[in-house]
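Novice: Here you go, this is input_21.cif (mmCIF, C-alpha atoms; chains and numbers go by the auth columns).
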```
data_coords
loop_
_atom_site.group_PDB
_atom_site.id
_atom_site.type_symbol
_atom_site.label_atom_id
_atom_site.label_comp_id
_atom_site.label_asym_id
_atom_site.label_seq_id
_atom_site.Cartn_x
_atom_site.Cartn_y
_atom_site.Cartn_z
_atom_site.B_iso_or_equiv
_atom_site.auth_seq_id
_atom_site.auth_asym_id
ATOM 1 C CA MET A 1 6.687 5.116 17.456 0.00 19 A
ATOM 2 C CA THR A 2 7.137 3.218 20.708 0.00 20 A
ATOM 3 C CA THR A 3 7.453 -0.499 21.178 0.00 21 A
ATOM 4 C CA THR A 4 3.938 -0.721 22.616 0.00 22 A
ATOM 5 C CA GLU A 5 2.261 0.962 19.637 0.00 23 A
ATOM 6 C CA ARG A 6 1.535 -0.657 16.312 0.00 24 A
ATOM 7 C CA PRO A 7 3.249 1.046 13.398 0.00 25 A
ATOM 8 C CA ALA A 8 0.873 2.718 10.933 0.00 26 A
ATOM 9 C CA VAL A 9 1.610 2.373 7.222 0.00 27 A
ATOM 10 C CA LEU A 10 0.056 4.499 4.496 0.00 28 A
ATOM 11 C CA PHE A 11 0.277 3.348 0.869 0.00 29 A
ATOM 12 C CA VAL A 12 -0.262 6.120 -1.690 0.00 30 A
ATOM 13 C CA CYS A 13 -0.681 5.948 -5.459 0.00 31 A
ATOM 14 C CA VAL A 14 -2.459 8.233 -7.883 0.00 32 A
ATOM 15 C CA HIS A 15 -5.847 6.502 -8.182 0.00 33 A
ATOM 16 C CA ASN A 16 -5.758 4.300 -5.050 0.00 34 A
ATOM 17 C CA ALA A 17 -7.229 1.625 -7.295 0.00 35 A
ATOM 18 C CA GLY A 18 -4.378 -0.826 -7.949 0.00 36 A
ATOM 19 C CA ARG A 19 -0.883 -0.750 -6.452 0.00 37 A
ATOM 20 C CA SER A 20 -1.743 0.830 -3.108 0.00 38 A
ATOM 21 C CA GLN A 21 -4.810 -1.392 -2.673 0.00 39 A
ATOM 22 C CA MET A 22 -2.779 -4.547 -3.416 0.00 40 A
ATOM 23 C CA ALA A 23 -0.059 -3.436 -0.973 0.00 41 A
ATOM 24 C CA ALA A 24 -2.616 -2.682 1.730 0.00 42 A
ATOM 25 C CA GLY A 25 -4.257 -6.065 1.121 0.00 43 A
ATOM 26 C CA TYR A 26 -0.956 -7.898 1.484 0.00 44 A
ATOM 27 C CA LEU A 27 0.138 -5.971 4.576 0.00 45 A
ATOM 28 C CA THR A 28 -3.205 -6.598 6.270 0.00 46 A
ATOM 29 C CA ALA A 29 -3.128 -10.304 5.374 0.00 47 A
ATOM 30 C CA LEU A 30 0.524 -10.923 6.254 0.00 48 A
ATOM 31 C CA ALA A 31 0.996 -8.713 9.325 0.00 49 A
ATOM 32 C CA GLY A 32 -2.494 -8.971 10.791 0.00 50 A
ATOM 33 C CA ASP A 33 -3.012 -6.804 13.849 0.00 51 A
ATOM 34 C CA ARG A 34 0.705 -6.002 14.222 0.00 52 A
ATOM 35 C CA VAL A 35 0.338 -3.048 11.825 0.00 53 A
ATOM 36 C CA ASP A 36 -2.327 -0.426 11.110 0.00 54 A
ATOM 37 C CA VAL A 37 -2.815 -0.202 7.353 0.00 55 A
ATOM 38 C CA PHE A 38 -4.184 2.679 5.270 0.00 56 A
ATOM 39 C CA SER A 39 -4.199 3.573 1.592 0.00 57 A
ATOM 40 C CA ALA A 40 -5.120 6.663 -0.380 0.00 58 A
ATOM 41 C CA GLY A 41 -4.711 8.361 -3.740 0.00 59 A
ATOM 42 C CA SER A 42 -3.881 11.853 -4.922 0.00 60 A
ATOM 43 C CA GLU A 43 -6.641 11.515 -7.570 0.00 61 A
ATOM 44 C CA PRO A 44 -8.721 8.513 -6.442 0.00 62 A
ATOM 45 C CA GLY A 45 -10.558 6.477 -9.029 0.00 63 A
ATOM 46 C CA ASP A 46 -14.177 5.380 -8.886 0.00 64 A
ATOM 47 C CA GLU A 47 -13.423 1.748 -8.030 0.00 65 A
ATOM 48 C CA VAL A 48 -10.597 -0.677 -7.389 0.00 66 A
ATOM 49 C CA ASN A 49 -9.095 -2.061 -10.608 0.00 67 A
ATOM 50 C CA PRO A 50 -10.990 -5.325 -11.349 0.00 68 A
ATOM 51 C CA THR A 51 -7.788 -7.003 -12.577 0.00 69 A
ATOM 52 C CA ALA A 52 -6.054 -6.109 -9.305 0.00 70 A
ATOM 53 C CA VAL A 53 -9.010 -7.610 -7.417 0.00 71 A
ATOM 54 C CA ALA A 54 -8.765 -10.780 -9.535 0.00 72 A
ATOM 55 C CA VAL A 55 -5.010 -11.318 -9.107 0.00 73 A
ATOM 56 C CA MET A 56 -5.228 -10.716 -5.354 0.00 74 A
ATOM 57 C CA ALA A 57 -8.086 -13.247 -5.159 0.00 75 A
ATOM 58 C CA GLU A 58 -5.670 -15.761 -6.716 0.00 76 A
ATOM 59 C CA GLU A 59 -3.578 -15.230 -3.560 0.00 77 A
ATOM 60 C CA GLY A 60 -6.611 -15.677 -1.302 0.00 78 A
ATOM 61 C CA ILE A 61 -6.809 -11.957 -0.481 0.00 79 A
ATOM 62 C CA ASP A 62 -10.106 -10.152 -1.037 0.00 80 A
ATOM 63 C CA ILE A 63 -9.778 -6.450 -1.878 0.00 81 A
ATOM 64 C CA ALA A 64 -13.099 -6.301 -3.731 0.00 82 A
ATOM 65 C CA GLY A 65 -14.737 -4.299 -0.947 0.00 83 A
ATOM 66 C CA ALA A 66 -12.015 -1.651 -0.860 0.00 84 A
ATOM 67 C CA THR A 67 -12.876 1.886 -1.911 0.00 85 A
ATOM 68 C CA PRO A 68 -10.429 4.407 -3.371 0.00 86 A
ATOM 69 C CA ARG A 69 -9.916 7.278 -0.915 0.00 87 A
ATOM 70 C CA ILE A 70 -8.506 10.770 -1.280 0.00 88 A
ATOM 71 C CA LEU A 71 -5.111 11.451 0.251 0.00 89 A
ATOM 72 C CA THR A 72 -5.396 13.819 3.195 0.00 90 A
ATOM 73 C CA THR A 73 -2.813 15.588 5.292 0.00 91 A
ATOM 74 C CA ASP A 74 -4.271 13.857 8.363 0.00 92 A
ATOM 75 C CA ALA A 75 -3.673 10.426 6.802 0.00 93 A
ATOM 76 C CA VAL A 76 0.000 11.259 6.319 0.00 94 A
ATOM 77 C CA ARG A 77 0.220 12.776 9.799 0.00 95 A
ATOM 78 C CA GLN A 78 -1.069 9.570 11.476 0.00 96 A
ATOM 79 C CA ALA A 79 1.286 7.264 9.558 0.00 97 A
ATOM 80 C CA ASP A 80 4.720 6.169 10.756 0.00 98 A
ATOM 81 C CA VAL A 81 5.648 4.892 7.296 0.00 99 A
ATOM 82 C CA VAL A 82 4.446 6.471 4.037 0.00 100 A
ATOM 83 C CA ILE A 83 5.025 4.461 0.866 0.00 101 A
ATOM 84 C CA THR A 84 4.377 6.235 -2.399 0.00 102 A
ATOM 85 C CA MET A 85 3.888 4.539 -5.745 0.00 103 A
ATOM 86 C CA GLY A 86 4.054 7.045 -8.545 0.00 104 A
ATOM 87 C CA CYS A 87 2.209 9.951 -6.941 0.00 105 A
ATOM 88 C CA GLY A 88 5.146 12.322 -7.356 0.00 106 A
ATOM 89 C CA ASP A 89 5.015 15.451 -5.236 0.00 107 A
ATOM 90 C CA ALA A 90 1.352 15.045 -4.265 0.00 108 A
ATOM 91 C CA CYS A 91 2.235 13.552 -0.887 0.00 109 A
ATOM 92 C CA PRO A 92 2.847 16.021 1.938 0.00 110 A
ATOM 93 C CA ILE A 93 6.114 15.570 3.838 0.00 111 A
ATOM 94 C CA PHE A 94 6.222 15.647 7.636 0.00 112 A
ATOM 95 C CA PRO A 95 9.394 15.383 9.701 0.00 113 A
ATOM 96 C CA GLY A 96 9.878 12.164 11.643 0.00 114 A
ATOM 97 C CA LYS A 97 8.096 9.935 9.116 0.00 115 A
ATOM 98 C CA ARG A 98 9.727 7.174 7.142 0.00 116 A
ATOM 99 C CA TYR A 99 9.158 7.688 3.426 0.00 117 A
ATOM 100 C CA GLU A 100 9.776 5.187 0.649 0.00 118 A
ATOM 101 C CA ASP A 101 8.975 5.411 -3.037 0.00 119 A
ATOM 102 C CA TRP A 102 8.290 2.070 -4.676 0.00 120 A
ATOM 103 C CA GLU A 103 8.722 2.285 -8.441 0.00 121 A
ATOM 104 C CA LEU A 104 6.054 -0.053 -9.745 0.00 122 A
ATOM 105 C CA THR A 105 4.267 -0.352 -13.082 0.00 123 A
ATOM 106 C CA ASP A 106 0.769 1.132 -12.951 0.00 124 A
ATOM 107 C CA PRO A 107 -1.570 -1.851 -13.452 0.00 125 A
ATOM 108 C CA ALA A 108 -4.304 0.297 -15.031 0.00 126 A
ATOM 109 C CA GLY A 109 -5.122 -1.053 -18.485 0.00 127 A
ATOM 110 C CA GLN A 110 -2.425 -3.732 -18.293 0.00 128 A
ATOM 111 C CA PRO A 111 -2.942 -7.404 -19.181 0.00 129 A
ATOM 112 C CA VAL A 112 -3.348 -9.845 -16.301 0.00 130 A
ATOM 113 C CA GLU A 113 0.215 -11.178 -16.684 0.00 131 A
ATOM 114 C CA VAL A 114 1.635 -7.691 -16.053 0.00 132 A
ATOM 115 C CA VAL A 115 -0.669 -7.128 -13.079 0.00 133 A
ATOM 116 C CA ARG A 116 0.437 -10.482 -11.616 0.00 134 A
ATOM 117 C CA ALA A 117 4.078 -9.388 -11.908 0.00 135 A
ATOM 118 C CA VAL A 118 3.259 -6.107 -10.146 0.00 136 A
ATOM 119 C CA ARG A 119 1.407 -8.062 -7.445 0.00 137 A
ATOM 120 C CA ASP A 120 4.376 -10.374 -6.893 0.00 138 A
ATOM 121 C CA ASP A 121 6.769 -7.405 -6.684 0.00 139 A
ATOM 122 C CA ILE A 122 4.481 -5.756 -4.132 0.00 140 A
ATOM 123 C CA ARG A 123 4.317 -8.933 -2.035 0.00 141 A
ATOM 124 C CA ALA A 124 8.124 -9.163 -1.858 0.00 142 A
ATOM 125 C CA ARG A 125 8.365 -5.498 -0.827 0.00 143 A
ATOM 126 C CA VAL A 126 5.610 -5.875 1.791 0.00 144 A
ATOM 127 C CA GLU A 127 7.317 -8.945 3.255 0.00 145 A
ATOM 128 C CA GLU A 128 10.574 -6.952 3.547 0.00 146 A
ATOM 129 C CA LEU A 129 8.699 -4.043 5.144 0.00 147 A
ATOM 130 C CA ILE A 130 7.113 -6.363 7.722 0.00 148 A
ATOM 131 C CA SER A 131 10.529 -7.775 8.634 0.00 149 A
ATOM 132 C CA GLU A 132 11.715 -4.222 9.328 0.00 150 A
ATOM 133 C CA ILE A 133 8.762 -2.679 11.173 0.00 151 A
ATOM 134 C CA ALA A 134 6.819 -5.576 12.708 0.00 152 A
ATOM 135 C CA PRO A 135 8.933 -8.699 13.020 0.00 153 A
ATOM 136 C CA ARG A 136 7.409 -11.585 14.949 0.00 154 A
#
```
Step by step, read the file and then write its structure as structure tokens.

Specialist:
Amino acid sequence: MTTTERPAVLFVCVHNAGRSQMAAGYLTALAGDRVDVFSAGSEPGDEVNPTAVAVMAEEGIDIAGATPRILTTDAVRQADVVITMGCGDACPIFPGKRYEDWELTDPAGQPVEVVRAVRDDIRARVEELISEIAPR
């Protein structure tokens, strides 16, 4: 990654329906065009978790139009930073990439209070990530 290129971040979770979509929503909203943002899942669901959509809307971030996508080797290859969230060994490893594993509760089937706590944890982690890879 050079100083003239925007860093690319890939968020990966199993279904690409909750955690990774919330993280991508926050990174897009908070970093704007300073970062390229992608998300994917090792076993993508049919739709984004409605509770995740609702709690992000409380923050003024609309992820309702997002679609779960399958994790591909090309997606990992194009990313500078790969952040996994419970996908285990499903994510291919390439040299020269920054990898982080964020241990977060899976919001699937959880009450709204739990999903809000996951959302708030994700926001704090995304803010820290921005300060490291795309400071103002």

Novice: Could you list the residues chosen by the PyMOL selection byres ((chain A and resi 90) around 9) in this structure as a list of chain:residue names?

Specialist: A:Ala58, A:Gly59, A:Ser60, A:Arg87, A:Ile88, A:Leu89, A:Thr91, A:Asp92, A:Ala93, A:Val94, A:Arg95, A:Cys109, A:Pro110

Novice: Using the chain letters and numbering of this document, enumerate as a ChimeraX atom specification the residues selected by the PyMOL selection byres ((chain A and resi 53) around 8).

Specialist: /A:24-27,45-46,49-52,54-55,152

Novice: Select from stretch 50-129 of chain A every residue with an atom at most 12 Å from any atom of stretch 140-151 of chain A, then for each give the shortest pair of atoms and their distance in Å to one decimal, using only C-alpha atoms, rows by chain and rising number, as a tab-separated table.

Specialist:
```
residue	atom	partner	partner_atom	distance
A:Gly50	CA	A:Ile148	CA	10.4
A:Asp51	CA	A:Ile148	CA	11.8
A:Arg52	CA	A:Ile148	CA	9.1
A:Val53	CA	A:Ile151	CA	8.5
A:Asp54	CA	A:Ile151	CA	11.3
A:Val55	CA	A:Val144	CA	11.6
A:Ala70	CA	A:Ile140	CA	11.7
A:Val73	CA	A:Arg141	CA	11.9
A:Met74	CA	A:Arg141	CA	10.3
A:Glu77	CA	A:Arg141	CA	10.2
A:Ile79	CA	A:Arg141	CA	11.6
A:Asp98	CA	A:Ile151	CA	9.7
A:Val99	CA	A:Ile151	CA	9.1
A:Val100	CA	A:Leu147	CA	11.4
A:Ile101	CA	A:Leu147	CA	10.2
A:Met103	CA	A:Ile140	CA	10.4
A:Arg116	CA	A:Ile151	CA	10.7
A:Tyr117	CA	A:Leu147	CA	11.9
A:Glu118	CA	A:Leu147	CA	10.3
A:Asp119	CA	A:Arg143	CA	11.1
A:Trp120	CA	A:Arg143	CA	8.5
A:Glu121	CA	A:Ile140	CA	10.1
A:Leu122	CA	A:Ile140	CA	8.2
A:Thr123	CA	A:Ile140	CA	10.5
A:Asp124	CA	A:Ile140	CA	11.8
A:Pro125	CA	A:Ile140	CA	11.8
```

Novice: Return the single residue from A:Asp138, A:Pro113, A:Pro86, A:Gly78 that is closest to A:Ser38, with distances computed using only C-alpha atoms.

Specialist: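 With only C-alpha atoms as the atom set, the closest residue is A:Pro86.
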
Novice: Out of A:Lys115, A:Asp139, A:Ala97, A:Ala35, which residue has the shortest atom-to-atom distance to A:Thr69 when counting only C-alpha atoms?

Specialist: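 Of the candidates, the smallest distance to A:Thr69 is held by A:Ala35.
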
Novice: Axis-aligned box over every listed atom of stretch 88-103 of chain A, padded by 4 Å per side: centre and edges in Å to one decimal, as JSON?

Specialist:
```
{"center_x": -1.4, "center_y": 10.0, "center_z": 2.9, "size_x": 22.2, "size_y": 19.1, "size_z": 25.2}
```

Novice: Could you please determine the separation between atom CA of A:Ala82 and atom CA of A:Glu65 in Å, to one decimal place?

Specialist: 9.1 Å

Novice: Please measure the separation of atom CA of A:Phe112 and atom CA of A:Glu61, giving the value in Å to one decimal.

Specialist: 20.3 Å

Novice: For A:Val130, which residue out of A:Arg154, A:Gln96, A:Asn67, A:Ile111 is the nearest one, using only C-alpha atoms?

Specialist: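 Between A:Arg154, A:Gln96, A:Asn67, A:Ile111, the residue approaching A:Val130 most closely is A:Asn67.
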
Novice: Could you please fill out stretch 68-103 of chain A with N, CA and C atoms and send it back as an mmCIF file, in the coordinates of the input?

Specialist:
```
data_model
loop_
_atom_site.group_PDB
_atom_site.id
_atom_site.type_symbol
_atom_site.label_atom_id
_atom_site.label_comp_id
_atom_site.auth_asym_id
_atom_site.auth_seq_id
_atom_site.Cartn_x
_atom_site.Cartn_y
_atom_site.Cartn_z
ATOM 1 N N PRO A 68 -10.490 -3.946 -11.389
ATOM 2 C CA PRO A 68 -10.990 -5.325 -11.349
ATOM 3 C C PRO A 68 -9.897 -6.373 -11.567
ATOM 4 N N THR A 69 -8.881 -6.052 -12.363
ATOM 5 C CA THR A 69 -7.788 -7.003 -12.577
ATOM 6 C C THR A 69 -6.961 -7.143 -11.308
ATOM 7 N N ALA A 70 -6.759 -6.044 -10.588
ATOM 8 C CA ALA A 70 -6.054 -6.109 -9.305
ATOM 9 C C ALA A 70 -6.844 -6.967 -8.318
ATOM 10 N N VAL A 71 -8.150 -6.791 -8.293
ATOM 11 C CA VAL A 71 -9.010 -7.610 -7.417
ATOM 12 C C VAL A 71 -8.844 -9.089 -7.777
ATOM 13 N N ALA A 72 -8.850 -9.392 -9.081
ATOM 14 C CA ALA A 72 -8.765 -10.780 -9.535
ATOM 15 C C ALA A 72 -7.426 -11.417 -9.174
ATOM 16 N N VAL A 73 -6.314 -10.712 -9.396
ATOM 17 C CA VAL A 73 -5.010 -11.318 -9.107
ATOM 18 C C VAL A 73 -4.768 -11.443 -7.605
ATOM 19 N N MET A 74 -5.346 -10.569 -6.809
ATOM 20 C CA MET A 74 -5.228 -10.716 -5.354
ATOM 21 C C MET A 74 -6.085 -11.886 -4.874
ATOM 22 N N ALA A 75 -7.238 -12.095 -5.503
ATOM 23 C CA ALA A 75 -8.086 -13.247 -5.159
ATOM 24 C C ALA A 75 -7.339 -14.554 -5.422
ATOM 25 N N GLU A 76 -6.494 -14.574 -6.448
ATOM 26 C CA GLU A 76 -5.670 -15.761 -6.716
ATOM 27 C C GLU A 76 -4.764 -16.082 -5.523
ATOM 28 N N GLU A 77 -4.427 -15.072 -4.748
ATOM 29 C CA GLU A 77 -3.578 -15.230 -3.560
ATOM 30 C C GLU A 77 -4.411 -15.442 -2.295
ATOM 31 N N GLY A 78 -5.737 -15.492 -2.446
ATOM 32 C CA GLY A 78 -6.611 -15.677 -1.302
ATOM 33 C C GLY A 78 -6.868 -14.398 -0.516
ATOM 34 N N ILE A 79 -6.619 -13.250 -1.148
ATOM 35 C CA ILE A 79 -6.809 -11.957 -0.481
ATOM 36 C C ILE A 79 -7.910 -11.199 -1.202
ATOM 37 N N ASP A 80 -8.942 -10.827 -0.459
ATOM 38 C CA ASP A 80 -10.106 -10.152 -1.037
ATOM 39 C C ASP A 80 -9.998 -8.638 -0.837
ATOM 40 N N ILE A 81 -9.786 -7.920 -1.945
ATOM 41 C CA ILE A 81 -9.778 -6.450 -1.878
ATOM 42 C C ILE A 81 -10.977 -5.875 -2.628
ATOM 43 N N ALA A 82 -11.942 -6.731 -2.947
ATOM 44 C CA ALA A 82 -13.099 -6.301 -3.731
ATOM 45 C C ALA A 82 -13.917 -5.229 -3.014
ATOM 46 N N GLY A 83 -13.943 -5.265 -1.703
ATOM 47 C CA GLY A 83 -14.737 -4.299 -0.947
ATOM 48 C C GLY A 83 -14.016 -2.989 -0.663
ATOM 49 N N ALA A 84 -12.782 -2.878 -1.099
ATOM 50 C CA ALA A 84 -12.015 -1.651 -0.860
ATOM 51 C C ALA A 84 -12.558 -0.512 -1.706
ATOM 52 N N THR A 85 -12.412 0.695 -1.209
ATOM 53 C CA THR A 85 -12.876 1.886 -1.911
ATOM 54 C C THR A 85 -11.725 2.881 -2.030
ATOM 55 N N PRO A 86 -11.466 3.384 -3.245
ATOM 56 C CA PRO A 86 -10.429 4.407 -3.371
ATOM 57 C C PRO A 86 -10.754 5.628 -2.512
ATOM 58 N N ARG A 87 -9.746 6.132 -1.818
ATOM 59 C CA ARG A 87 -9.916 7.278 -0.915
ATOM 60 C C ARG A 87 -8.941 8.382 -1.279
ATOM 61 N N ILE A 88 -9.345 9.603 -1.004
ATOM 62 C CA ILE A 88 -8.506 10.770 -1.280
ATOM 63 C C ILE A 88 -7.403 10.864 -0.218
ATOM 64 N N LEU A 89 -6.234 11.223 -0.648
ATOM 65 C CA LEU A 89 -5.111 11.451 0.251
ATOM 66 C C LEU A 89 -5.347 12.737 1.037
ATOM 67 N N THR A 90 -5.235 12.642 2.350
ATOM 68 C CA THR A 90 -5.396 13.819 3.195
ATOM 69 C C THR A 90 -4.124 14.046 4.007
ATOM 70 N N THR A 91 -3.942 15.263 4.436
ATOM 71 C CA THR A 91 -2.813 15.588 5.292
ATOM 72 C C THR A 91 -2.893 14.799 6.591
ATOM 73 N N ASP A 92 -4.101 14.621 7.125
ATOM 74 C CA ASP A 92 -4.271 13.857 8.363
ATOM 75 C C ASP A 92 -3.826 12.409 8.197
ATOM 76 N N ALA A 93 -4.090 11.805 7.042
ATOM 77 C CA ALA A 93 -3.673 10.426 6.802
ATOM 78 C C ALA A 93 -2.155 10.313 6.875
ATOM 79 N N VAL A 94 -1.459 11.275 6.280
ATOM 80 C CA VAL A 94 0.000 11.259 6.319
ATOM 81 C C VAL A 94 0.479 11.511 7.749
ATOM 82 N N ARG A 95 -0.167 12.425 8.434
ATOM 83 C CA ARG A 95 0.220 12.776 9.799
ATOM 84 C C ARG A 95 0.135 11.560 10.739
ATOM 85 N N GLN A 96 -0.884 10.706 10.569
ATOM 86 C CA GLN A 96 -1.069 9.570 11.476
ATOM 87 C C GLN A 96 -0.173 8.386 11.145
ATOM 88 N N ALA A 97 0.455 8.392 9.980
ATOM 89 C CA ALA A 97 1.286 7.264 9.558
ATOM 90 C C ALA A 97 2.714 7.386 10.095
ATOM 91 N N ASP A 98 3.306 6.239 10.408
ATOM 92 C CA ASP A 98 4.720 6.169 10.756
ATOM 93 C C ASP A 98 5.554 5.965 9.494
ATOM 94 N N VAL A 99 4.979 5.203 8.552
ATOM 95 C CA VAL A 99 5.648 4.892 7.296
ATOM 96 C C VAL A 99 4.715 5.291 6.161
ATOM 97 N N VAL A 100 5.223 6.061 5.211
ATOM 98 C CA VAL A 100 4.446 6.471 4.037
ATOM 99 C C VAL A 100 5.161 5.908 2.814
ATOM 100 N N ILE A 101 4.454 5.065 2.066
ATOM 101 C CA ILE A 101 5.025 4.461 0.866
ATOM 102 C C ILE A 101 4.262 4.974 -0.334
ATOM 103 N N THR A 102 4.987 5.677 -1.197
ATOM 104 C CA THR A 102 4.377 6.235 -2.399
ATOM 105 C C THR A 102 4.686 5.332 -3.589
ATOM 106 N N MET A 103 3.777 5.370 -4.553
ATOM 107 C CA MET A 103 3.888 4.539 -5.745
ATOM 108 C C MET A 103 3.467 5.373 -6.949
#
```
